[in-house]
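Trainee: The structure under discussion is supplied below as structure tokens; questions concerning it will follow.
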Amino acid sequence: MNNNLNFADIILPLPLAGVYTYSIPDEFKNQMAIGKRVVVPLGTKKLYTGIVQALHNNAPADYKVKDILSCLDDFPVINNFQLKFWDWISQYYQSVLGDVYKAAIPSGLKLESQTKIILNEEFVADNALSKTEDQILNILSKSKDVSIASLNQATGLKNTLPQIKSLLDKGAVVIEEHISSGYKEKKQEFVSLHSNFTEEEIGEILNGLKRAKKQQELLYSYLNLSKHYFEEKPEKVSSNELLKSVDCSRAILKSLVDKNILKFYFEKLDRLDLSSINTTGLKELNPHQEIAINEIRDNFEHKNCVLLHGVTSSGKTEIYIHLIEEQLKLGKQVLYLLPEIALTTQIINRLKSVFGNKVGVYHSKFNDSERVEIYNNVLENKTDKAYQVILGVRSSVFLPFNNLGLIIIDEEHENTYKQFDPAPRYHARDAALYLANLHGAKTLLGTATPAVESYYNAQTGKYGLVELFKRYQEIEMPEIIVADIKEARRRKMMKSIFSPELMSHMTESLENKEQIILFQNRRGYAPYLECKSCGWVPHCPNCSVSLTYHRHNNLLVCHYCGHGMTPPNNCEHCGSSGLEDRGFGTEKIEEELLSYFPEAKVGRMDLDTTRKKNAYEKLIYQFEKHELDILVGTQMVSKGLDFDNVGLVGILNADSMLNYPDFRAYERSFQMMAQVSGRAGRKKKRGKVLIQTYTPEHEIIKNVVKNDYFEMYSSQIAERKEYIYPPFYRLINISLKHKNQRLVNEAANYFANSLRKIFGIRVFGPQSPVINRIQNSFIVNILLKIEKKSSPAKAKWILNQQANFLKEIEKFKSIQINFDVDPM
DNA sequence: AGCACGCCGACT
DNA sequence: GTCGGCGTGCTC
């Protein structure tokens with residue numbers, strides 16, 4: 001603690017390469033420690049919350065250092081594991097440390113400076129002020145400092161900056177930078193007696209309220225709720241609770257407070273529910289699970305990572321729970337990763353029933369303050385209150401663990417584990433393996449359809465492999481039916497997107513009161529609109545994609561940049577008025593279902609219906625309780641949700657996945673179809689899966705029908721080897737971005753050529769991606785394939801060097817270059 | 001990321 | 001002639 005070091009290297013929450021050095025004023029010297037947050041100035045006016053990365057005495061020679069302004073913490077908020085982990089992420093995924101910092105910390109812990117406007121009291125106007133200027137000064141005279149955002153709000157103007165600037169020039173206001181915390185403690189208002197009244201006094205007061213019936217009633221209710229006559233110390237009574245108990249307005253309560261009979265007080269409220277929960281203990285494992293768990297333990301003896309390949313509903317979760325229990329007994333923390341928020345709702349109940357409030361959930365649908373509290377809970381790791389098990393999505397790998405014993409990565413094949421934009425472009429599965437390594441912890445990968453890379457690692461002995469092919473409670477695997485929609489189309493048998501087979505099976509299921517899940521990987525109403533007479537299709541003005549039509553708000557939306565517009569009445573090309581929707585999104589399927597099955601209750605689960613915080617939970621709950629007969633959804637419905645009464649699963653268009661231009665398209669299609677199929681048929685009887693396709697003879701479709709993972713794997717791994725793809729080669733995608741298409745192409749050609757001089761045939765491209773324009777910038781990709789055995793660090797170093805050379809060329813210096821290591 | 005600096009077009 | 005548009009480069 002006590003040290004005499006003069007300088008600190010600070011990580012700033014900005015896309016800057018490297019750390020910045022600041023001097024430590026004497027007053028903070030004893031307080032400074034690695035991992036604490038400090039406030040530092042940058043540039044002329046901005047203040048940022050930085051993290052102390054190192055302390056030293058090396059005075060920088062070539063620039064003038066600035067002072068650290070304040071130290072925010074008594075104890076470090078970033079531990080050494082995290083700092084090492086950040087370093088690894090930044091190195092491996094070629095992103096700057098500042099970007100990792102931004103991704104790793106809930107923003108409530110990153111205080112940001114905000115410009116505050118302050119009234120200059122001495123100001124006297126010599127010229128008349130404009131109306132808005134007057135208004136602003138009025139607002140300022142009421143409260144002493146106001147942010148620009150709240151000024152905009154108060155004046156009702158979009159932008160008050162010009163007026164502020166003019167007031168600033170006249171000397172009427174002063175501007176100051178304030179650092180403010182986004183995190184606020186949640187407070188609750190409570191009520192108590194104003195003072196320790198004696199019984200007689202209370203009697204008098206009640207008597208005095210004879211003519212104020214409501215107030216009297218309220219006071220009685222308070223005495224009742226606080227158990228005034230029974231307990232030595234009154235129970236806490238919140239204002240809300242009190243008001244609810246007698247159904248009266250706040251004004252009544254206020255008058256009792258004004259009469260000094262009652263008083264308000266506030267208490268910090270924990271957002272996290274830490275109340276104790278009744279737990280049921282462990283369920284016993286069946287013999288197959290017992291064998292599997294023993295194999296996992298054996299493998300962990302000499303391997304750090306084990307792949308558990310278990311068919312859908314083989315009871316993997318129960319195995320996880322037993323392994324978690326073992327770690328908790330050892331006093332270790334466990335991280336349980338899931339690919340999707342939706343899944344946390346189902347799993348959390350099972351975990352809570354065993355581990356009670358030792359389980360915490362972490363994902364982005366929590367608001368920032370809640371995330372700060374979870375972060376702090378893990379950081380403080382107080383024995384009585386701490387979460388020992390964290391159930392979370394991708395970003396949970398950044399929580400401040402200090403004693404991890406096990407990381408479970410469920411549905412490890414899911415590509416949502418890979419972050420694409422913004423940087424750091426990390427893969428949570430791979431990063432978790434490194435994190436486990438740091439803690440000396442073990443990693444368990446679980447899935448019914450392993451990623452080809454993971455299965456390869458298991459086959460070659462890098463990971464342990466444990467397979468579990470028996471379904472829990474001996475449920476049969478579903479029957480898989482393939483419907484040829486090409487044939488049905490030809491014979492004009494299709495009812496919109498539904499084949500005759502699907503129609504009859506749906507009718508049957510509904511008659512049997514069984515539920516149906518339909519899977520279509522397009523959200524919105526129609527993927528595009530098309531002009532009947534000339535074929536014109538409305539495109540996004542900023543990106544090179546057609547706009548998706550959303551019926552519920554009558555909007556054409558770009559799924560890449562979010563641009564929205566009302567659909568034109570006339571074709572912009574030929575002027576005719578016949579714009580028709582083409583293709584099927586989930587929204588349209590929902591509508592069609594209602595017209596074919598007017599009795600059925602239909603729910604839809606996609607990005608649009610699950611934006612709100614509890615929307616997932618609600619949909620899942622409704623479906624579980626059979627308040628819905630049919631659930632239509634995008635890939636969200638495929639991911640490990642467990643329902644008891646699904647008789648039929650329909651995959652509406654298998655080809656759209658198979659034809660995706662990516663070397664993983666077949667693997668992904670297999671996984672998707674196998675996973676969706678796993679949703680069918682649970683407890684009572686064998687379920688059915690119906691796959692609609694134009695190519696029923698496709699090898700992947702056949703693999704799915706036979707439920708033959710290994711055959712899919714074998715053919716894929718052969719292809720990967722032949723066409724030099726992972727797991728044999730490491731991929732790095734280099735994307736160049738610029739507003740000028742000609743320039744970006746020229747730069748990409750130049751860059752690819754200079755890379756070829758070093759990497760030879762390992763360089764592919766430049767290639768224009770299918771969507772080559774996003775938000776008005778043109779994109780060109782270059783792909784680099786490096787042998788698995790050669791040093792990736794060296795290749796990355798060369799890449800960086802070459803990128804710097806490119807930037808030195810005058811005309812290319814505004815080209816943006818991004819690396820994506822292990823792209824998906 | 002934000003902000004200052006600096007260089008060109010449309011205005012009093 | 002100036003105001004302000006955005007392109008460029010720097011911030012310890």
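Here's how to read the names in the structure tokens: chain A, B, ... by the order shown, residue numbers from 1 in each chain, ligand numbers from 1 in the order shown.
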Using only C-alpha atoms (C1' of nucleotides), what does the table of chain A residues within 9 Å of chain B look like, with each row giving the shortest atom pair and its distance in Å to one decimal, sorted by chain and ascending number, as JSON lines?
Mentor:
{"residue": "A:Pro13", "atom": "CA", "partner": "B:DA1", "partner_atom": "C1'", "distance": 8.6}
{"residue": "A:Leu14", "atom": "CA", "partner": "B:DA1", "partner_atom": "C1'", "distance": 5.9}
{"residue": "A:Pro15", "atom": "CA", "partner": "B:DA1", "partner_atom": "C1'", "distance": 7.2}
{"residue": "A:Gly43", "atom": "CA", "partner": "B:DC3", "partner_atom": "C1'", "distance": 7.6}
{"residue": "A:Thr44", "atom": "CA", "partner": "B:DC3", "partner_atom": "C1'", "distance": 7.7}
{"residue": "A:Lys45", "atom": "CA", "partner": "B:DC3", "partner_atom": "C1'", "distance": 8.4}
{"residue": "A:Lys46", "atom": "CA", "partner": "B:DG2", "partner_atom": "C1'", "distance": 7.9}
Trainee: Could you list, as a PyMOL selection string, the residues of chain C having an atom within 12 Å of chain A when counting only C-alpha atoms (C1' of nucleotides)?
Mentor: chain C and resi 7-12
Trainee: Among stretch 231-405 of chain A, which ones does DSSP place in strand (DSSP E or B), written as a compact mmCIF listing (two decimals) with all heavy atoms, in the first residue's frame?
Mentor:
# COMPACT_ATOMS: atom_id res chain seq x y z
N VAL A 237 -41.86 -0.38 7.81
CA VAL A 237 -43.04 -0.24 6.96
C VAL A 237 -42.69 0.72 5.83
O VAL A 237 -42.32 1.87 6.08
CB VAL A 237 -44.24 0.32 7.76
CG1 VAL A 237 -45.45 0.50 6.87
CG2 VAL A 237 -44.56 -0.59 8.94
N SER A 238 -42.80 0.26 4.61
CA SER A 238 -42.51 1.15 3.49
C SER A 238 -43.76 1.97 3.16
O SER A 238 -44.88 1.54 3.42
CB SER A 238 -42.08 0.35 2.26
OG SER A 238 -43.18 -0.28 1.69
N LEU A 262 -45.99 11.18 11.81
CA LEU A 262 -45.14 10.18 11.17
C LEU A 262 -43.95 10.90 10.53
O LEU A 262 -43.96 12.12 10.37
CB LEU A 262 -45.92 9.43 10.07
CG LEU A 262 -47.04 8.51 10.53
CD1 LEU A 262 -47.75 7.93 9.30
CD2 LEU A 262 -46.52 7.41 11.43
N LYS A 263 -42.93 10.13 10.18
CA LYS A 263 -41.85 10.72 9.39
C LYS A 263 -41.36 9.73 8.34
O LYS A 263 -41.56 8.51 8.45
CB LYS A 263 -40.70 11.16 10.30
CG LYS A 263 -39.92 10.01 10.90
CD LYS A 263 -38.70 10.51 11.66
CE LYS A 263 -37.97 9.32 12.26
NZ LYS A 263 -37.14 9.64 13.39
N PHE A 264 -40.75 10.28 7.29
CA PHE A 264 -40.17 9.44 6.24
C PHE A 264 -38.71 9.18 6.56
O PHE A 264 -38.03 10.03 7.13
CB PHE A 264 -40.21 10.15 4.88
CG PHE A 264 -41.59 10.31 4.33
CD1 PHE A 264 -42.04 11.55 3.90
CD2 PHE A 264 -42.43 9.20 4.19
CE1 PHE A 264 -43.30 11.70 3.36
CE2 PHE A 264 -43.69 9.36 3.66
CZ PHE A 264 -44.14 10.60 3.23
N TYR A 265 -38.21 8.03 6.18
CA TYR A 265 -36.77 7.82 6.13
C TYR A 265 -36.44 6.91 4.95
O TYR A 265 -37.33 6.23 4.43
CB TYR A 265 -36.24 7.26 7.46
CG TYR A 265 -36.70 5.87 7.81
CD1 TYR A 265 -35.89 4.77 7.56
CD2 TYR A 265 -37.94 5.65 8.40
CE1 TYR A 265 -36.30 3.49 7.89
CE2 TYR A 265 -38.36 4.39 8.73
CZ TYR A 265 -37.54 3.30 8.48
OH TYR A 265 -37.96 2.04 8.79
N PHE A 266 -35.19 6.93 4.52
CA PHE A 266 -34.82 6.16 3.32
C PHE A 266 -33.79 5.10 3.67
O PHE A 266 -32.97 5.29 4.56
CB PHE A 266 -34.23 7.09 2.26
CG PHE A 266 -35.25 8.03 1.73
CD1 PHE A 266 -35.48 9.24 2.36
CD2 PHE A 266 -35.99 7.69 0.61
CE1 PHE A 266 -36.43 10.11 1.89
CE2 PHE A 266 -36.95 8.56 0.13
CZ PHE A 266 -37.18 9.78 0.77
N GLU A 267 -33.88 4.01 2.96
CA GLU A 267 -32.87 2.98 3.14
C GLU A 267 -32.41 2.46 1.81
O GLU A 267 -33.18 2.35 0.86
CB GLU A 267 -33.45 1.83 3.98
CG GLU A 267 -32.76 1.75 5.33
CD GLU A 267 -33.33 0.66 6.19
OE1 GLU A 267 -33.54 -0.45 5.68
OE2 GLU A 267 -33.56 0.94 7.38
N LYS A 268 -31.13 2.12 1.75
CA LYS A 268 -30.59 1.54 0.52
C LYS A 268 -31.22 0.17 0.32
O LYS A 268 -31.35 -0.62 1.24
CB LYS A 268 -29.07 1.39 0.63
CG LYS A 268 -28.47 1.01 -0.70
CD LYS A 268 -27.10 0.39 -0.55
CE LYS A 268 -26.86 -0.46 -1.78
NZ LYS A 268 -25.74 -1.34 -1.68
N LEU A 269 -31.61 -0.06 -0.90
CA LEU A 269 -32.26 -1.32 -1.21
C LEU A 269 -31.34 -2.14 -2.10
O LEU A 269 -30.79 -1.63 -3.07
CB LEU A 269 -33.55 -1.00 -1.98
CG LEU A 269 -34.64 -2.03 -1.90
CD1 LEU A 269 -35.17 -2.14 -0.49
CD2 LEU A 269 -35.75 -1.63 -2.85
N CYS A 305 -9.79 -29.65 -20.05
CA CYS A 305 -11.07 -29.39 -20.70
C CYS A 305 -11.69 -30.70 -21.15
O CYS A 305 -11.01 -31.57 -21.69
CB CYS A 305 -10.86 -28.46 -21.89
SG CYS A 305 -12.35 -28.10 -22.79
N VAL A 306 -12.99 -30.82 -20.89
CA VAL A 306 -13.70 -32.03 -21.31
C VAL A 306 -14.91 -31.61 -22.15
O VAL A 306 -15.61 -30.66 -21.81
CB VAL A 306 -14.16 -32.87 -20.10
CG1 VAL A 306 -15.08 -34.00 -20.53
CG2 VAL A 306 -12.96 -33.42 -19.35
N LEU A 307 -15.11 -32.34 -23.25
CA LEU A 307 -16.30 -32.12 -24.07
C LEU A 307 -17.33 -33.18 -23.71
O LEU A 307 -17.06 -34.37 -23.83
CB LEU A 307 -15.94 -32.22 -25.55
CG LEU A 307 -17.09 -32.18 -26.55
CD1 LEU A 307 -17.80 -30.84 -26.53
CD2 LEU A 307 -16.60 -32.49 -27.96
N LEU A 308 -18.48 -32.73 -23.25
CA LEU A 308 -19.57 -33.66 -22.96
C LEU A 308 -20.55 -33.62 -24.13
O LEU A 308 -21.26 -32.65 -24.34
CB LEU A 308 -20.28 -33.24 -21.66
CG LEU A 308 -21.55 -34.02 -21.30
CD1 LEU A 308 -21.30 -35.50 -21.12
CD2 LEU A 308 -22.20 -33.43 -20.04
N HIS A 309 -20.51 -34.70 -24.91
CA HIS A 309 -21.38 -34.79 -26.08
C HIS A 309 -22.58 -35.64 -25.69
O HIS A 309 -22.50 -36.87 -25.64
CB HIS A 309 -20.59 -35.43 -27.24
CG HIS A 309 -21.41 -35.64 -28.48
ND1 HIS A 309 -21.11 -36.59 -29.42
CD2 HIS A 309 -22.50 -35.00 -28.93
CE1 HIS A 309 -22.01 -36.54 -30.40
NE2 HIS A 309 -22.85 -35.59 -30.12
N GLY A 310 -23.68 -34.97 -25.38
CA GLY A 310 -24.86 -35.70 -24.95
C GLY A 310 -26.06 -35.31 -25.77
O GLY A 310 -26.30 -34.11 -25.95
N GLN A 333 -15.50 -20.93 -6.92
CA GLN A 333 -16.56 -20.31 -7.71
C GLN A 333 -16.77 -21.08 -9.01
O GLN A 333 -15.84 -21.71 -9.51
CB GLN A 333 -16.18 -18.88 -8.07
CG GLN A 333 -16.02 -17.94 -6.89
CD GLN A 333 -15.35 -16.64 -7.27
OE1 GLN A 333 -14.31 -16.64 -7.90
NE2 GLN A 333 -15.96 -15.54 -6.89
N VAL A 334 -17.99 -20.99 -9.53
CA VAL A 334 -18.30 -21.66 -10.79
C VAL A 334 -18.93 -20.66 -11.76
O VAL A 334 -19.79 -19.87 -11.38
CB VAL A 334 -19.26 -22.85 -10.58
CG1 VAL A 334 -19.61 -23.50 -11.91
CG2 VAL A 334 -18.66 -23.87 -9.63
N LEU A 335 -18.47 -20.68 -13.00
CA LEU A 335 -19.09 -19.86 -14.04
C LEU A 335 -19.81 -20.80 -15.00
O LEU A 335 -19.23 -21.75 -15.50
CB LEU A 335 -18.00 -19.06 -14.79
CG LEU A 335 -18.44 -18.32 -16.05
CD1 LEU A 335 -19.52 -17.30 -15.75
CD2 LEU A 335 -17.24 -17.63 -16.70
N TYR A 336 -21.09 -20.52 -15.20
CA TYR A 336 -21.92 -21.36 -16.05
C TYR A 336 -22.36 -20.49 -17.23
O TYR A 336 -23.19 -19.61 -17.07
CB TYR A 336 -23.11 -21.84 -15.22
CG TYR A 336 -24.06 -22.85 -15.86
CD1 TYR A 336 -24.73 -23.77 -15.07
CD2 TYR A 336 -24.30 -22.87 -17.23
CE1 TYR A 336 -25.62 -24.69 -15.62
CE2 TYR A 336 -25.18 -23.79 -17.77
CZ TYR A 336 -25.84 -24.68 -16.97
OH TYR A 336 -26.72 -25.58 -17.50
N LEU A 337 -21.77 -20.72 -18.39
CA LEU A 337 -22.08 -19.88 -19.55
C LEU A 337 -23.17 -20.47 -20.40
O LEU A 337 -23.21 -21.68 -20.65
CB LEU A 337 -20.83 -19.69 -20.41
CG LEU A 337 -19.72 -18.79 -19.89
CD1 LEU A 337 -18.54 -18.82 -20.84
CD2 LEU A 337 -20.22 -17.37 -19.73
N VAL A 359 -26.66 -18.54 -6.40
CA VAL A 359 -26.60 -18.41 -7.85
C VAL A 359 -26.94 -16.98 -8.26
O VAL A 359 -27.94 -16.43 -7.83
CB VAL A 359 -27.61 -19.34 -8.54
CG1 VAL A 359 -27.35 -19.38 -10.04
CG2 VAL A 359 -27.52 -20.73 -7.96
N GLY A 360 -26.13 -16.39 -9.09
CA GLY A 360 -26.42 -15.07 -9.62
C GLY A 360 -26.51 -15.13 -11.14
O GLY A 360 -25.88 -15.98 -11.76
N VAL A 361 -27.30 -14.26 -11.71
CA VAL A 361 -27.44 -14.22 -13.17
C VAL A 361 -26.83 -12.93 -13.68
O VAL A 361 -26.96 -11.88 -13.06
CB VAL A 361 -28.91 -14.29 -13.59
CG1 VAL A 361 -29.03 -14.47 -15.08
CG2 VAL A 361 -29.62 -15.40 -12.87
N TYR A 362 -26.19 -13.00 -14.81
CA TYR A 362 -25.57 -11.80 -15.38
C TYR A 362 -25.78 -11.75 -16.89
O TYR A 362 -25.34 -12.64 -17.60
CB TYR A 362 -24.06 -11.83 -15.09
CG TYR A 362 -23.35 -10.52 -15.38
CD1 TYR A 362 -23.48 -9.44 -14.53
CD2 TYR A 362 -22.53 -10.39 -16.50
CE1 TYR A 362 -22.81 -8.25 -14.78
CE2 TYR A 362 -21.85 -9.20 -16.76
CZ TYR A 362 -22.00 -8.13 -15.88
OH TYR A 362 -21.34 -6.96 -16.12
N VAL A 389 -22.03 -19.21 -7.76
CA VAL A 389 -22.27 -19.68 -9.12
C VAL A 389 -22.81 -18.52 -9.93
O VAL A 389 -23.78 -17.89 -9.53
CB VAL A 389 -23.32 -20.82 -9.14
CG1 VAL A 389 -23.45 -21.39 -10.54
CG2 VAL A 389 -22.96 -21.90 -8.15
N ILE A 390 -22.16 -18.22 -11.04
CA ILE A 390 -22.69 -17.18 -11.91
C ILE A 390 -23.19 -17.83 -13.18
O ILE A 390 -22.48 -18.56 -13.86
CB ILE A 390 -21.62 -16.13 -12.26
CG1 ILE A 390 -21.27 -15.28 -11.04
CG2 ILE A 390 -22.07 -15.25 -13.42
CD1 ILE A 390 -22.36 -14.30 -10.63
N LEU A 391 -24.47 -17.59 -13.45
CA LEU A 391 -25.08 -18.07 -14.68
C LEU A 391 -25.14 -16.89 -15.61
O LEU A 391 -25.74 -15.87 -15.27
CB LEU A 391 -26.49 -18.58 -14.36
CG LEU A 391 -27.30 -19.14 -15.50
CD1 LEU A 391 -26.73 -20.45 -15.96
CD2 LEU A 391 -28.75 -19.31 -15.08
N GLY A 392 -24.51 -16.97 -16.74
CA GLY A 392 -24.51 -15.77 -17.57
C GLY A 392 -24.17 -16.02 -19.02
O GLY A 392 -23.84 -17.13 -19.41
N LEU A 404 -11.96 -19.29 -9.24
CA LEU A 404 -12.78 -20.17 -10.08
C LEU A 404 -12.29 -21.61 -10.02
O LEU A 404 -11.09 -21.86 -10.06
CB LEU A 404 -12.70 -19.71 -11.54
CG LEU A 404 -13.71 -18.71 -12.06
CD1 LEU A 404 -13.37 -18.37 -13.49
CD2 LEU A 404 -15.12 -19.26 -11.97
N GLY A 405 -13.24 -22.52 -9.91
CA GLY A 405 -12.87 -23.93 -9.91
C GLY A 405 -13.34 -24.64 -11.17
O GLY A 405 -12.75 -25.62 -11.60
Trainee: Taking the backbone alone, and naming residues the way the document does, which bits of stretch 533-774 of chain A are alpha helix (DSSP H) by DSSP, as a VMD selection string?
Mentor: chain A and resid 586 to 596 615 to 624 655 to 658 665 to 677 699 to 706 709 to 722 741 to 759
Trainee: For A:Tyr666, list every protein, DNA or RNA residue within 8 Å, evaluated using only C-alpha atoms (C1' of nucleotides), and leave out those in the same chain fewer than 2 positions away; present the list as a list in words.
Mentor: Met657, Leu658, Phe663, Arg664, Arg668, Ser669, Phe670, Ile700 and Gln716 of chain A
Trainee: Mind dumping the selected residues with N, CA, C and O atoms as a JSON list (two decimals), in the first residue's frame?
Mentor:
[["chain", "number", "residue", "atom", "x", "y", "z"],
["A", 657, "MET", "N", -30.68, -21.88, -44.83],
["A", 657, "MET", "CA", -29.49, -22.05, -44.00],
["A", 657, "MET", "C", -28.39, -22.76, -44.78],
["A", 657, "MET", "O", -27.22, -22.39, -44.73],
["A", 658, "LEU", "N", -28.80, -23.80, -45.52],
["A", 658, "LEU", "CA", -27.81, -24.61, -46.26],
["A", 658, "LEU", "C", -27.09, -23.81, -47.32],
["A", 658, "LEU", "O", -25.92, -24.05, -47.62],
["A", 663, "PHE", "N", -18.18, -21.38, -44.93],
["A", 663, "PHE", "CA", -17.70, -22.76, -44.85],
["A", 663, "PHE", "C", -18.33, -23.53, -43.69],
["A", 663, "PHE", "O", -18.24, -24.74, -43.63],
["A", 664, "ARG", "N", -18.97, -22.83, -42.78],
["A", 664, "ARG", "CA", -19.63, -23.50, -41.67],
["A", 664, "ARG", "C", -21.13, -23.71, -41.92],
["A", 664, "ARG", "O", -21.83, -24.16, -41.02],
["A", 668, "ARG", "N", -23.55, -25.59, -39.37],
["A", 668, "ARG", "CA", -24.53, -24.78, -38.66],
["A", 668, "ARG", "C", -25.95, -25.27, -38.92],
["A", 668, "ARG", "O", -26.76, -25.34, -38.01],
["A", 669, "SER", "N", -26.24, -25.64, -40.19],
["A", 669, "SER", "CA", -27.58, -26.12, -40.52],
["A", 669, "SER", "C", -27.89, -27.39, -39.75],
["A", 669, "SER", "O", -28.99, -27.56, -39.21],
["A", 670, "PHE", "N", -26.90, -28.29, -39.72],
["A", 670, "PHE", "CA", -27.10, -29.54, -38.99],
["A", 670, "PHE", "C", -27.41, -29.24, -37.52],
["A", 670, "PHE", "O", -28.36, -29.76, -36.95],
["A", 700, "ILE", "N", -26.83, -33.16, -45.73],
["A", 700, "ILE", "CA", -27.05, -32.69, -44.37],
["A", 700, "ILE", "C", -28.46, -33.03, -43.89],
["A", 700, "ILE", "O", -28.66, -33.45, -42.75],
["A", 716, "GLN", "N", -17.51, -33.16, -42.82],
["A", 716, "GLN", "CA", -17.08, -31.77, -42.66],
["A", 716, "GLN", "C", -15.58, -31.66, -42.40],
["A", 716, "GLN", "O", -14.90, -30.82, -42.96]]
Trainee: How many Å separate atom CA of A:Val372 from atom CA of A:Pro25?
Mentor: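 Between atom CA of A:Val372 and atom CA of A:Pro25 the gap works out to 28.8 Å.
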Trainee: Rounded to one decimal in Å, what is the spacing between atom CA of A:Leu435 and atom CA of A:Ile407?
Mentor: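 Atom CA of A:Ile407 lies at a distance of 8.9 Å from atom CA of A:Leu435.
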Trainee: Could you work out how far atom CA of A:Leu351 lies from atom CA of A:Lys283, giving the answer in Å with one decimal?
Mentor: 11.6 Å
Trainee: Skip A:Pro568 itself and residues of its chain fewer than 2 positions away, then list as a PyMOL selection string all residues within 10 Å of it, counting only C-alpha atoms (C1' of nucleotides).
Mentor: chain A and resi 538+555-556+565-566+570-572+577+579
Trainee: Using N, CA and C atoms, can you write the selected residues to a file as a short mmCIF file (atom, residue, chain, number, x, y, z; two decimals), in the first residue's frame?
Mentor:
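Contents of result05.cif, freshly written:
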data_model
loop_
_atom_site.label_atom_id
_atom_site.label_comp_id
_atom_site.auth_asym_id
_atom_site.auth_seq_id
_atom_site.Cartn_x
_atom_site.Cartn_y
_atom_site.Cartn_z
N PRO A 538 -36.99 -2.17 -52.82
CA PRO A 538 -36.44 -1.08 -52.01
C PRO A 538 -35.21 -1.53 -51.19
N LEU A 555 -43.40 -0.44 -41.47
CA LEU A 555 -42.10 0.18 -41.66
C LEU A 555 -41.18 -0.76 -42.43
N LEU A 556 -40.40 -0.15 -43.31
CA LEU A 556 -39.33 -0.91 -43.96
C LEU A 556 -38.07 -0.70 -43.10
N MET A 565 -38.06 3.31 -42.69
CA MET A 565 -38.83 4.28 -43.49
C MET A 565 -40.21 3.69 -43.80
N THR A 566 -41.17 4.56 -44.04
CA THR A 566 -42.47 4.03 -44.45
C THR A 566 -42.37 3.57 -45.89
N ASN A 570 -45.54 4.06 -54.43
CA ASN A 570 -45.26 3.74 -55.83
C ASN A 570 -43.83 3.28 -56.00
N CYS A 571 -43.65 2.45 -57.01
CA CYS A 571 -42.31 1.98 -57.34
C CYS A 571 -41.45 3.17 -57.74
N GLU A 572 -40.28 3.27 -57.16
CA GLU A 572 -39.42 4.41 -57.48
C GLU A 572 -38.83 4.28 -58.87
N SER A 577 -48.01 1.20 -58.95
CA SER A 577 -48.38 1.19 -57.54
C SER A 577 -48.38 -0.22 -56.95
N LEU A 579 -46.56 -2.62 -55.33
CA LEU A 579 -45.47 -3.21 -54.55
C LEU A 579 -46.00 -4.40 -53.75
#
Trainee: Please provide the set of residues having any atom within 7 Å of stretch 586-594 of chain A, restricted to only C-alpha atoms (C1' of nucleotides), with same-chain residues fewer than 2 positions apart removed, written as a PyMOL selection string.
Mentor: chain A and resi 520+522-526+584+596-598+602+604+632-633
